[in-house]
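Structure file data16.cif; described as mmCIF, C-alpha atoms.
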data_run
loop_
_atom_site.label_atom_id
_atom_site.label_comp_id
_atom_site.auth_asym_id
_atom_site.auth_seq_id
_atom_site.Cartn_x
_atom_site.Cartn_y
_atom_site.Cartn_z
CA MET A 239 -3.54 -13.60 20.86
CA PHE A 240 -0.18 -14.24 22.53
CA GLY A 241 -1.02 -11.83 25.36
CA LYS A 242 -1.45 -8.79 23.13
CA LYS A 243 -4.67 -7.11 22.09
CA THR A 244 -5.31 -7.97 18.47
CA ALA A 245 -7.45 -6.47 15.73
CA VAL A 246 -8.06 -8.60 12.65
CA ILE A 247 -8.91 -6.29 9.78
CA TYR A 248 -9.83 -7.70 6.40
CA PHE A 249 -11.19 -6.94 2.97
CA SER A 250 -12.93 -9.73 1.10
CA ARG A 251 -14.90 -9.41 -2.12
CA SER A 252 -15.73 -13.07 -2.62
CA GLY A 253 -15.70 -14.31 0.98
CA VAL A 254 -12.45 -16.30 0.83
CA THR A 255 -10.42 -13.85 2.93
CA ARG A 256 -13.39 -13.38 5.29
CA GLY A 257 -13.49 -17.14 5.85
CA ILE A 258 -9.87 -17.14 6.95
CA ALA A 259 -10.12 -13.96 9.05
CA GLU A 260 -13.08 -15.35 10.97
CA GLN A 261 -11.13 -18.48 11.93
CA PHE A 262 -8.28 -16.69 13.71
CA PRO A 263 -8.05 -17.66 17.39
CA LEU A 264 -9.16 -14.42 19.04
CA GLU A 265 -9.31 -13.79 22.77
CA GLU A 266 -11.57 -11.59 24.87
CA GLY A 267 -11.02 -7.97 23.96
CA ASP A 268 -9.76 -8.74 20.45
CA ARG A 269 -11.75 -7.39 17.53
CA ILE A 270 -12.50 -8.23 13.91
CA ILE A 271 -13.18 -5.41 11.44
CA GLU A 272 -14.32 -5.74 7.85
CA ILE A 273 -13.19 -3.12 5.33
CA VAL A 274 -16.29 -2.25 3.32
CA PRO A 275 -16.07 -0.03 0.22
CA SER A 276 -18.85 2.59 -0.04
CA VAL A 277 -19.48 1.39 -3.59
CA PRO A 278 -19.43 -2.42 -3.59
CA TYR A 279 -17.33 -4.21 -6.16
CA PRO A 280 -19.35 -5.82 -8.95
CA LYS A 281 -20.43 -9.44 -8.64
CA SER A 282 -18.81 -10.05 -12.01
CA TYR A 283 -15.21 -11.13 -11.55
CA PHE A 284 -14.14 -9.47 -14.81
CA LYS A 285 -15.83 -6.15 -13.95
CA THR A 286 -14.15 -6.27 -10.53
CA LEU A 287 -10.78 -6.85 -12.21
CA ALA A 288 -11.31 -3.84 -14.48
CA ARG A 289 -12.19 -1.59 -11.54
CA ALA A 290 -9.35 -2.92 -9.39
CA LYS A 291 -6.82 -2.41 -12.17
CA ALA A 292 -7.96 1.19 -12.69
CA GLU A 293 -7.75 1.88 -8.93
CA ILE A 294 -4.28 0.36 -8.58
CA GLU A 295 -2.82 1.91 -11.72
CA GLY A 296 -4.34 5.30 -10.87
CA ASN A 297 -3.36 5.06 -7.18
CA VAL A 298 -6.98 5.86 -6.35
CA SER A 299 -8.23 6.14 -2.78
CA VAL A 300 -11.38 4.07 -2.23
CA ASP A 301 -14.21 5.56 -0.16
CA LEU A 302 -15.12 3.25 2.73
CA GLU A 303 -18.21 2.67 4.84
CA ASN A 304 -16.09 2.43 7.98
CA PRO A 305 -12.94 4.45 7.28
CA LYS A 306 -11.97 5.49 10.81
CA GLN A 307 -11.67 2.96 13.61
CA ASP A 308 -10.47 3.34 17.19
CA LEU A 309 -7.43 1.07 17.18
CA ALA A 310 -5.70 2.57 20.23
CA LEU A 311 -6.25 -0.55 22.36
CA TYR A 312 -4.63 -2.93 19.89
CA ASP A 313 -0.94 -3.82 19.74
CA MET A 314 -1.15 -6.33 16.90
CA ILE A 315 -2.97 -5.64 13.65
CA LEU A 316 -3.56 -8.56 11.32
CA ILE A 317 -4.68 -7.22 7.97
CA GLY A 318 -5.96 -9.55 5.27
CA PHE A 319 -6.94 -9.22 1.65
CA PRO A 320 -6.91 -10.98 -1.71
CA ILE A 321 -4.00 -10.25 -4.02
CA TRP A 322 -5.11 -8.05 -6.91
CA PHE A 323 -2.57 -7.32 -9.64
CA TRP A 324 0.33 -8.46 -7.43
CA THR A 325 -0.60 -6.16 -4.52
CA CYS A 326 -3.34 -5.39 -2.03
CA PRO A 327 -6.62 -3.79 -3.09
CA LYS A 328 -6.79 -0.01 -2.78
CA ALA A 329 -9.57 -0.43 -0.19
CA VAL A 330 -6.88 -1.78 2.15
CA THR A 331 -4.43 1.09 1.65
CA SER A 332 -7.33 3.56 1.94
CA PHE A 333 -8.22 2.05 5.33
CA ILE A 334 -4.59 2.19 6.48
CA SER A 335 -4.31 5.84 5.38
CA GLU A 336 -7.42 6.77 7.37
CA ASN A 337 -6.21 5.25 10.64
CA ASN A 338 -3.31 5.95 12.96
CA LEU A 339 -1.20 2.79 13.04
CA LYS A 340 1.91 4.46 14.43
CA GLY A 341 3.56 2.16 16.96
CA LYS A 342 1.44 -0.84 15.92
CA THR A 343 2.81 -4.15 14.66
CA ILE A 344 1.11 -5.18 11.42
CA TYR A 345 0.98 -8.75 10.18
CA PRO A 346 -0.31 -8.76 6.58
CA PHE A 347 -1.93 -11.91 5.22
CA CYS A 348 -3.42 -12.59 1.84
CA THR A 349 -5.41 -15.14 -0.04
CA SER A 350 -3.94 -16.12 -3.36
CA GLY A 351 -3.58 -19.26 -5.37
CA GLY A 352 -0.12 -18.41 -6.61
CA ILE A 353 0.94 -14.77 -6.31
CA GLN A 354 3.21 -14.03 -3.36
CA ILE A 355 2.49 -11.28 -0.82
CA ASP A 356 5.83 -9.43 -1.06
CA GLU A 357 4.69 -6.52 -3.25
CA ALA A 358 1.60 -6.02 -1.09
CA VAL A 359 3.74 -5.94 2.07
CA ASP A 360 5.92 -3.26 0.48
CA GLU A 361 2.79 -1.24 -0.34
CA ILE A 362 1.58 -1.55 3.26
CA LYS A 363 5.00 -0.45 4.56
CA ARG A 364 4.82 2.67 2.38
CA THR A 365 1.30 3.46 3.60
CA ALA A 366 1.50 2.60 7.33
CA GLU A 367 3.88 5.30 8.54
CA GLY A 368 5.37 4.63 11.96
CA ALA A 369 4.15 1.03 12.12
CA THR A 370 6.28 -2.09 12.14
CA VAL A 371 5.19 -4.27 9.23
CA LYS A 372 6.18 -7.92 9.55
CA LYS A 373 6.71 -10.46 6.81
CA GLY A 374 3.38 -11.39 5.29
CA LYS A 375 1.74 -14.78 4.95
CA ARG A 376 -0.06 -16.13 1.89
CA PHE A 377 -2.89 -18.58 2.52
CA ARG A 378 -4.55 -20.80 -0.04
CA LYS A 379 -6.80 -22.12 2.70
CA TYR A 380 -7.04 -21.72 6.45
CA SER A 381 -4.71 -23.70 8.70
CA GLU A 382 -4.61 -22.81 12.39
CA ASP A 383 -1.20 -24.49 12.73
CA ALA A 384 0.20 -22.43 9.84
CA LEU A 385 -1.25 -19.24 11.33
CA ILE A 386 0.18 -19.81 14.81
CA LYS A 387 3.59 -20.81 13.42
CA TRP A 388 3.62 -17.64 11.29
CA LEU A 389 2.70 -15.38 14.23
CA GLU A 390 5.25 -17.01 16.54
CA GLN A 391 8.01 -16.22 14.06
#
Will you turn the file into structure tokens for me?
Amino acid sequence: MFGKKTAVIYFSRSGVTRGIAEQFPLEEGDRIIEIVPSVPYPKSYFKTLARAKAEIEGNVSVDLENPKQDLALYDMILIGFPIWFWTCPKAVTSFISENNLKGKTIYPFCTSGGIQIDEAVDEIKRTAEGATVKKGKRFRKYSEDALIKWLEQ
């Protein structure tokens, strides 16, 4: 994407964020990585909210199926997630903590009907030491034009 090797990393409980991540215009050598918690979130939305709230309020690290990834080849990291309690899910910050993103440029994106991404971007900045974290983008639905315009900025 734009002449740089890109990794699209995402967490999606319901499939909405996955649907957007899978539509990004990737080129040969780019990679898509799903963040998968070791213990899946419940199918029940309300039970997921309860668990997510406890994780966020307790600043809990979430065990992941794929915690360490070789990201050395990638210059750009697009990282996507739903907004949970005004920030990113702890599975996302757990993934960031497990991987060396020093020197990388991170473009956060979220799926949310109304909550902005600002607090989540601040959380990513605190977690991704040595990385450049760009302004995030909130999507309600996928738009390739909106994505490319965002990345060009």
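Remark: residues at most 6 Å from position (-3.5, -11.7, 9.3) in file coordinates are A:Leu316, A:Ile317, A:Gly318, A:Tyr345, A:Pro346, A:Phe347, using all atoms listed in the file.
Among the candidate residues A:Ile270, A:Leu311, A:Ile353, A:Val330, the one lying nearest to Glu293 of chain A is A:Val330, with distances computed using only C-alpha atoms.
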Tell me, as a ChimeraX atom specification, which residues lie within 7 Å of segment 362-379 of chain A, counting only C-alpha atoms; anything in the same chain fewer than 6 positions away does not count.
/A:331,334-335,339-351,354-355
Take the residues just selected and output them with C-alpha atoms as a PDB file, keeping the file's coordinate frame.
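Contents of part_24.pdb, as written:
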ATOM      1  CA  THR A 331      -4.430   1.090   1.650  1.00  0.00           C
ATOM      2  CA  ILE A 334      -4.590   2.190   6.480  1.00  0.00           C
ATOM      3  CA  SER A 335      -4.310   5.840   5.380  1.00  0.00           C
ATOM      4  CA  LEU A 339      -1.200   2.790  13.040  1.00  0.00           C
ATOM      5  CA  LYS A 340       1.910   4.460  14.430  1.00  0.00           C
ATOM      6  CA  GLY A 341       3.560   2.160  16.960  1.00  0.00           C
ATOM      7  CA  LYS A 342       1.440  -0.840  15.920  1.00  0.00           C
ATOM      8  CA  THR A 343       2.810  -4.150  14.660  1.00  0.00           C
ATOM      9  CA  ILE A 344       1.110  -5.180  11.420  1.00  0.00           C
ATOM     10  CA  TYR A 345       0.980  -8.750  10.180  1.00  0.00           C
ATOM     11  CA  PRO A 346      -0.310  -8.760   6.580  1.00  0.00           C
ATOM     12  CA  PHE A 347      -1.930 -11.910   5.220  1.00  0.00           C
ATOM     13  CA  CYS A 348      -3.420 -12.590   1.840  1.00  0.00           C
ATOM     14  CA  THR A 349      -5.410 -15.140  -0.040  1.00  0.00           C
ATOM     15  CA  SER A 350      -3.940 -16.120  -3.360  1.00  0.00           C
ATOM     16  CA  GLY A 351      -3.580 -19.260  -5.370  1.00  0.00           C
ATOM     17  CA  GLN A 354       3.210 -14.030  -3.360  1.00  0.00           C
ATOM     18  CA  ILE A 355       2.490 -11.280  -0.820  1.00  0.00           C
TER      19      ILE A 355
END
Starting from the displayed file, determine the output of the PyMOL selection byres ((chain A and resi 358) around 8) and express the residue list as JSON, numbers by chain.
{"A": [321, 324, 325, 326, 355, 356, 357, 359, 360, 361, 362]}
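Across the structure, atom CA of Gln307 of chain A and atom CA of Asn337 of chain A are spaced 6.6 Å apart.
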Which of A:Ser252, A:Ser299, A:Ser332, A:Asn304 sits closest to Pro280 of chain A [using all atoms listed in the file]
A:Ser252
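All polymer residues at most 9 Å from (-6.0, -1.7, 21.7), using only C-alpha atoms, appear as Lys242, Lys243, Thr244, Ala245, Gly267, Asp268, Asp308, Leu309, Ala310, Leu311, Tyr312, Asp313 and Met314 of chain A.
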Residue with smallest distance to Val277 of chain A - pool A:Arg251, A:Lys387, A:Lys291, A:Lys306, counting all atoms listed in the file
A:Arg251
Resolved residues for the PyMOL selection byres ((chain A and resi 275) around 6) as a PyMOL selection string:
chain A and resi 274+276-278+301-303
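Between Pro263 of chain A and the residues A:Ala288, A:Val298, A:Ile315, A:Val246, the shortest atom-to-atom distance, using all atoms listed in the file, involves A:Val246.
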How would segment 293-309 of chain A look written as a PDB file, in the first residue's frame with all heavy atoms?
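Saved result, selection.pdb, follows:
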ATOM      1  N   GLU A 293     -11.921  -6.099  32.108  1.00  0.00           N
ATOM      2  CA  GLU A 293     -10.559  -6.070  31.571  1.00  0.00           C
ATOM      3  C   GLU A 293     -10.031  -4.636  31.482  1.00  0.00           C
ATOM      4  O   GLU A 293      -8.898  -4.360  31.877  1.00  0.00           O
ATOM      5  CB  GLU A 293     -10.524  -6.719  30.181  1.00  0.00           C
ATOM      6  CG  GLU A 293     -10.724  -8.207  30.207  1.00  0.00           C
ATOM      7  CD  GLU A 293     -10.916  -8.820  28.833  1.00  0.00           C
ATOM      8  OE1 GLU A 293     -11.062  -8.080  27.838  1.00  0.00           O
ATOM      9  OE2 GLU A 293     -10.932 -10.065  28.757  1.00  0.00           O
ATOM     10  N   ILE A 294     -10.857  -3.736  30.964  1.00  0.00           N
ATOM     11  CA  ILE A 294     -10.435  -2.346  30.785  1.00  0.00           C
ATOM     12  C   ILE A 294     -10.238  -1.657  32.130  1.00  0.00           C
ATOM     13  O   ILE A 294      -9.208  -1.029  32.372  1.00  0.00           O
ATOM     14  CB  ILE A 294     -11.425  -1.590  29.884  1.00  0.00           C
ATOM     15  CG1 ILE A 294     -11.324  -2.126  28.450  1.00  0.00           C
ATOM     16  CG2 ILE A 294     -11.190  -0.078  29.925  1.00  0.00           C
ATOM     17  CD1 ILE A 294     -12.433  -1.693  27.515  1.00  0.00           C
ATOM     18  N   GLU A 295     -11.216  -1.805  33.015  1.00  0.00           N
ATOM     19  CA  GLU A 295     -11.099  -1.153  34.328  1.00  0.00           C
ATOM     20  C   GLU A 295      -9.954  -1.728  35.152  1.00  0.00           C
ATOM     21  O   GLU A 295      -9.317  -1.015  35.917  1.00  0.00           O
ATOM     22  CB  GLU A 295     -12.418  -1.256  35.084  1.00  0.00           C
ATOM     23  CG  GLU A 295     -13.494  -0.354  34.508  1.00  0.00           C
ATOM     24  CD  GLU A 295     -14.827  -0.458  35.230  1.00  0.00           C
ATOM     25  OE1 GLU A 295     -14.998  -1.353  36.090  1.00  0.00           O
ATOM     26  OE2 GLU A 295     -15.706   0.365  34.922  1.00  0.00           O
ATOM     27  N   GLY A 296      -9.680  -3.014  34.995  1.00  0.00           N
ATOM     28  CA  GLY A 296      -8.603  -3.657  35.743  1.00  0.00           C
ATOM     29  C   GLY A 296      -7.260  -3.618  35.036  1.00  0.00           C
ATOM     30  O   GLY A 296      -6.279  -4.155  35.536  1.00  0.00           O
ATOM     31  N   ASN A 297      -7.229  -3.008  33.827  1.00  0.00           N
ATOM     32  CA  ASN A 297      -6.016  -2.952  33.011  1.00  0.00           C
ATOM     33  C   ASN A 297      -5.398  -4.340  32.866  1.00  0.00           C
ATOM     34  O   ASN A 297      -4.211  -4.552  33.079  1.00  0.00           O
ATOM     35  CB  ASN A 297      -5.013  -1.949  33.579  1.00  0.00           C
ATOM     36  CG  ASN A 297      -3.983  -1.552  32.549  1.00  0.00           C
ATOM     37  OD1 ASN A 297      -4.245  -1.603  31.345  1.00  0.00           O
ATOM     38  ND2 ASN A 297      -2.806  -1.156  33.010  1.00  0.00           N
ATOM     39  N   VAL A 298      -6.241  -5.295  32.523  1.00  0.00           N
ATOM     40  CA  VAL A 298      -5.873  -6.708  32.431  1.00  0.00           C
ATOM     41  C   VAL A 298      -5.259  -7.021  31.071  1.00  0.00           C
ATOM     42  O   VAL A 298      -5.762  -6.581  30.039  1.00  0.00           O
ATOM     43  CB  VAL A 298      -7.139  -7.575  32.639  1.00  0.00           C
ATOM     44  CG1 VAL A 298      -6.861  -9.043  32.392  1.00  0.00           C
ATOM     45  CG2 VAL A 298      -7.695  -7.368  34.028  1.00  0.00           C
ATOM     46  N   SER A 299      -4.185  -7.765  31.064  1.00  0.00           N
ATOM     47  CA  SER A 299      -3.607  -8.266  29.820  1.00  0.00           C
ATOM     48  C   SER A 299      -4.396  -9.508  29.401  1.00  0.00           C
ATOM     49  O   SER A 299      -4.724 -10.353  30.235  1.00  0.00           O
ATOM     50  CB  SER A 299      -2.141  -8.628  30.039  1.00  0.00           C
ATOM     51  OG  SER A 299      -1.571  -9.081  28.846  1.00  0.00           O
ATOM     52  N   VAL A 300      -4.718  -9.597  28.124  1.00  0.00           N
ATOM     53  CA  VAL A 300      -5.504 -10.718  27.600  1.00  0.00           C
ATOM     54  C   VAL A 300      -4.558 -11.713  26.933  1.00  0.00           C
ATOM     55  O   VAL A 300      -3.747 -11.326  26.080  1.00  0.00           O
ATOM     56  CB  VAL A 300      -6.563 -10.214  26.592  1.00  0.00           C
ATOM     57  CG1 VAL A 300      -7.290 -11.364  25.926  1.00  0.00           C
ATOM     58  CG2 VAL A 300      -7.550  -9.285  27.286  1.00  0.00           C
ATOM     59  N   ASP A 301      -4.632 -12.986  27.320  1.00  0.00           N
ATOM     60  CA  ASP A 301      -3.839 -14.021  26.674  1.00  0.00           C
ATOM     61  C   ASP A 301      -4.345 -14.211  25.246  1.00  0.00           C
ATOM     62  O   ASP A 301      -5.553 -14.254  25.006  1.00  0.00           O
ATOM     63  CB  ASP A 301      -3.938 -15.338  27.436  1.00  0.00           C
ATOM     64  CG  ASP A 301      -3.214 -15.280  28.773  1.00  0.00           C
ATOM     65  OD1 ASP A 301      -2.262 -14.489  28.908  1.00  0.00           O
ATOM     66  OD2 ASP A 301      -3.620 -16.030  29.687  1.00  0.00           O
ATOM     67  N   LEU A 302      -3.392 -14.345  24.315  1.00  0.00           N
ATOM     68  CA  LEU A 302      -3.731 -14.449  22.895  1.00  0.00           C
ATOM     69  C   LEU A 302      -3.237 -15.758  22.300  1.00  0.00           C
ATOM     70  O   LEU A 302      -2.234 -16.306  22.741  1.00  0.00           O
ATOM     71  CB  LEU A 302      -3.110 -13.281  22.125  1.00  0.00           C
ATOM     72  CG  LEU A 302      -3.468 -11.876  22.607  1.00  0.00           C
ATOM     73  CD1 LEU A 302      -2.649 -10.836  21.870  1.00  0.00           C
ATOM     74  CD2 LEU A 302      -4.956 -11.623  22.450  1.00  0.00           C
ATOM     75  N   GLU A 303      -3.935 -16.208  21.267  1.00  0.00           N
ATOM     76  CA  GLU A 303      -3.529 -17.404  20.532  1.00  0.00           C
ATOM     77  C   GLU A 303      -2.246 -17.130  19.736  1.00  0.00           C
ATOM     78  O   GLU A 303      -1.441 -18.011  19.544  1.00  0.00           O
ATOM     79  CB  GLU A 303      -4.638 -17.834  19.561  1.00  0.00           C
ATOM     80  CG  GLU A 303      -5.871 -18.393  20.239  1.00  0.00           C
ATOM     81  CD  GLU A 303      -5.628 -19.756  20.841  1.00  0.00           C
ATOM     82  OE1 GLU A 303      -4.923 -20.573  20.220  1.00  0.00           O
ATOM     83  OE2 GLU A 303      -6.150 -20.010  21.932  1.00  0.00           O
ATOM     84  N   ASN A 304      -2.119 -15.920  19.239  1.00  0.00           N
ATOM     85  CA  ASN A 304      -1.010 -15.568  18.355  1.00  0.00           C
ATOM     86  C   ASN A 304      -0.286 -14.316  18.854  1.00  0.00           C
ATOM     87  O   ASN A 304      -0.204 -13.320  18.136  1.00  0.00           O
ATOM     88  CB  ASN A 304      -1.545 -15.335  16.947  1.00  0.00           C
ATOM     89  CG  ASN A 304      -2.648 -14.263  16.928  1.00  0.00           C
ATOM     90  OD1 ASN A 304      -3.219 -13.904  17.958  1.00  0.00           O
ATOM     91  ND2 ASN A 304      -2.953 -13.751  15.760  1.00  0.00           N
ATOM     92  N   PRO A 305       0.258 -14.341  20.075  1.00  0.00           N
ATOM     93  CA  PRO A 305       0.754 -13.092  20.654  1.00  0.00           C
ATOM     94  C   PRO A 305       1.949 -12.482  19.933  1.00  0.00           C
ATOM     95  O   PRO A 305       2.008 -11.282  19.753  1.00  0.00           O
ATOM     96  CB  PRO A 305       1.109 -13.472  22.084  1.00  0.00           C
ATOM     97  CG  PRO A 305       1.354 -14.935  22.042  1.00  0.00           C
ATOM     98  CD  PRO A 305       0.443 -15.466  20.982  1.00  0.00           C
ATOM     99  N   LYS A 306       2.898 -13.283  19.520  1.00  0.00           N
ATOM    100  CA  LYS A 306       4.111 -12.759  18.889  1.00  0.00           C
ATOM    101  C   LYS A 306       4.057 -12.981  17.382  1.00  0.00           C
ATOM    102  O   LYS A 306       3.803 -14.088  16.921  1.00  0.00           O
ATOM    103  CB  LYS A 306       5.339 -13.446  19.461  1.00  0.00           C
ATOM    104  CG  LYS A 306       5.532 -13.171  20.940  1.00  0.00           C
ATOM    105  CD  LYS A 306       6.926 -12.689  21.188  1.00  0.00           C
ATOM    106  CE  LYS A 306       7.176 -12.575  22.666  1.00  0.00           C
ATOM    107  NZ  LYS A 306       7.243 -11.238  23.135  1.00  0.00           N
ATOM    108  N   GLN A 307       4.310 -11.899  16.650  1.00  0.00           N
ATOM    109  CA  GLN A 307       4.331 -11.963  15.199  1.00  0.00           C
ATOM    110  C   GLN A 307       5.620 -11.319  14.701  1.00  0.00           C
ATOM    111  O   GLN A 307       6.117 -10.370  15.306  1.00  0.00           O
ATOM    112  CB  GLN A 307       3.131 -11.210  14.612  1.00  0.00           C
ATOM    113  CG  GLN A 307       1.799 -11.802  14.976  1.00  0.00           C
ATOM    114  CD  GLN A 307       1.544 -13.125  14.298  1.00  0.00           C
ATOM    115  OE1 GLN A 307       1.878 -13.307  13.139  1.00  0.00           O
ATOM    116  NE2 GLN A 307       0.963 -14.064  15.028  1.00  0.00           N
ATOM    117  N   ASP A 308       6.140 -11.826  13.596  1.00  0.00           N
ATOM    118  CA  ASP A 308       7.327 -11.225  12.989  1.00  0.00           C
ATOM    119  C   ASP A 308       6.858 -10.069  12.113  1.00  0.00           C
ATOM    120  O   ASP A 308       6.342 -10.272  11.021  1.00  0.00           O
ATOM    121  CB  ASP A 308       8.091 -12.259  12.168  1.00  0.00           C
ATOM    122  CG  ASP A 308       9.373 -11.684  11.587  1.00  0.00           C
ATOM    123  OD1 ASP A 308       9.691 -10.495  11.849  1.00  0.00           O
ATOM    124  OD2 ASP A 308      10.059 -12.422  10.859  1.00  0.00           O
ATOM    125  N   LEU A 309       7.033  -8.864  12.620  1.00  0.00           N
ATOM    126  CA  LEU A 309       6.570  -7.670  11.911  1.00  0.00           C
ATOM    127  C   LEU A 309       7.732  -6.858  11.352  1.00  0.00           C
ATOM    128  O   LEU A 309       7.537  -5.732  10.893  1.00  0.00           O
ATOM    129  CB  LEU A 309       5.721  -6.813  12.858  1.00  0.00           C
ATOM    130  CG  LEU A 309       4.487  -7.520  13.437  1.00  0.00           C
ATOM    131  CD1 LEU A 309       3.819  -6.640  14.483  1.00  0.00           C
ATOM    132  CD2 LEU A 309       3.514  -7.897  12.323  1.00  0.00           C
TER     133      LEU A 309
END
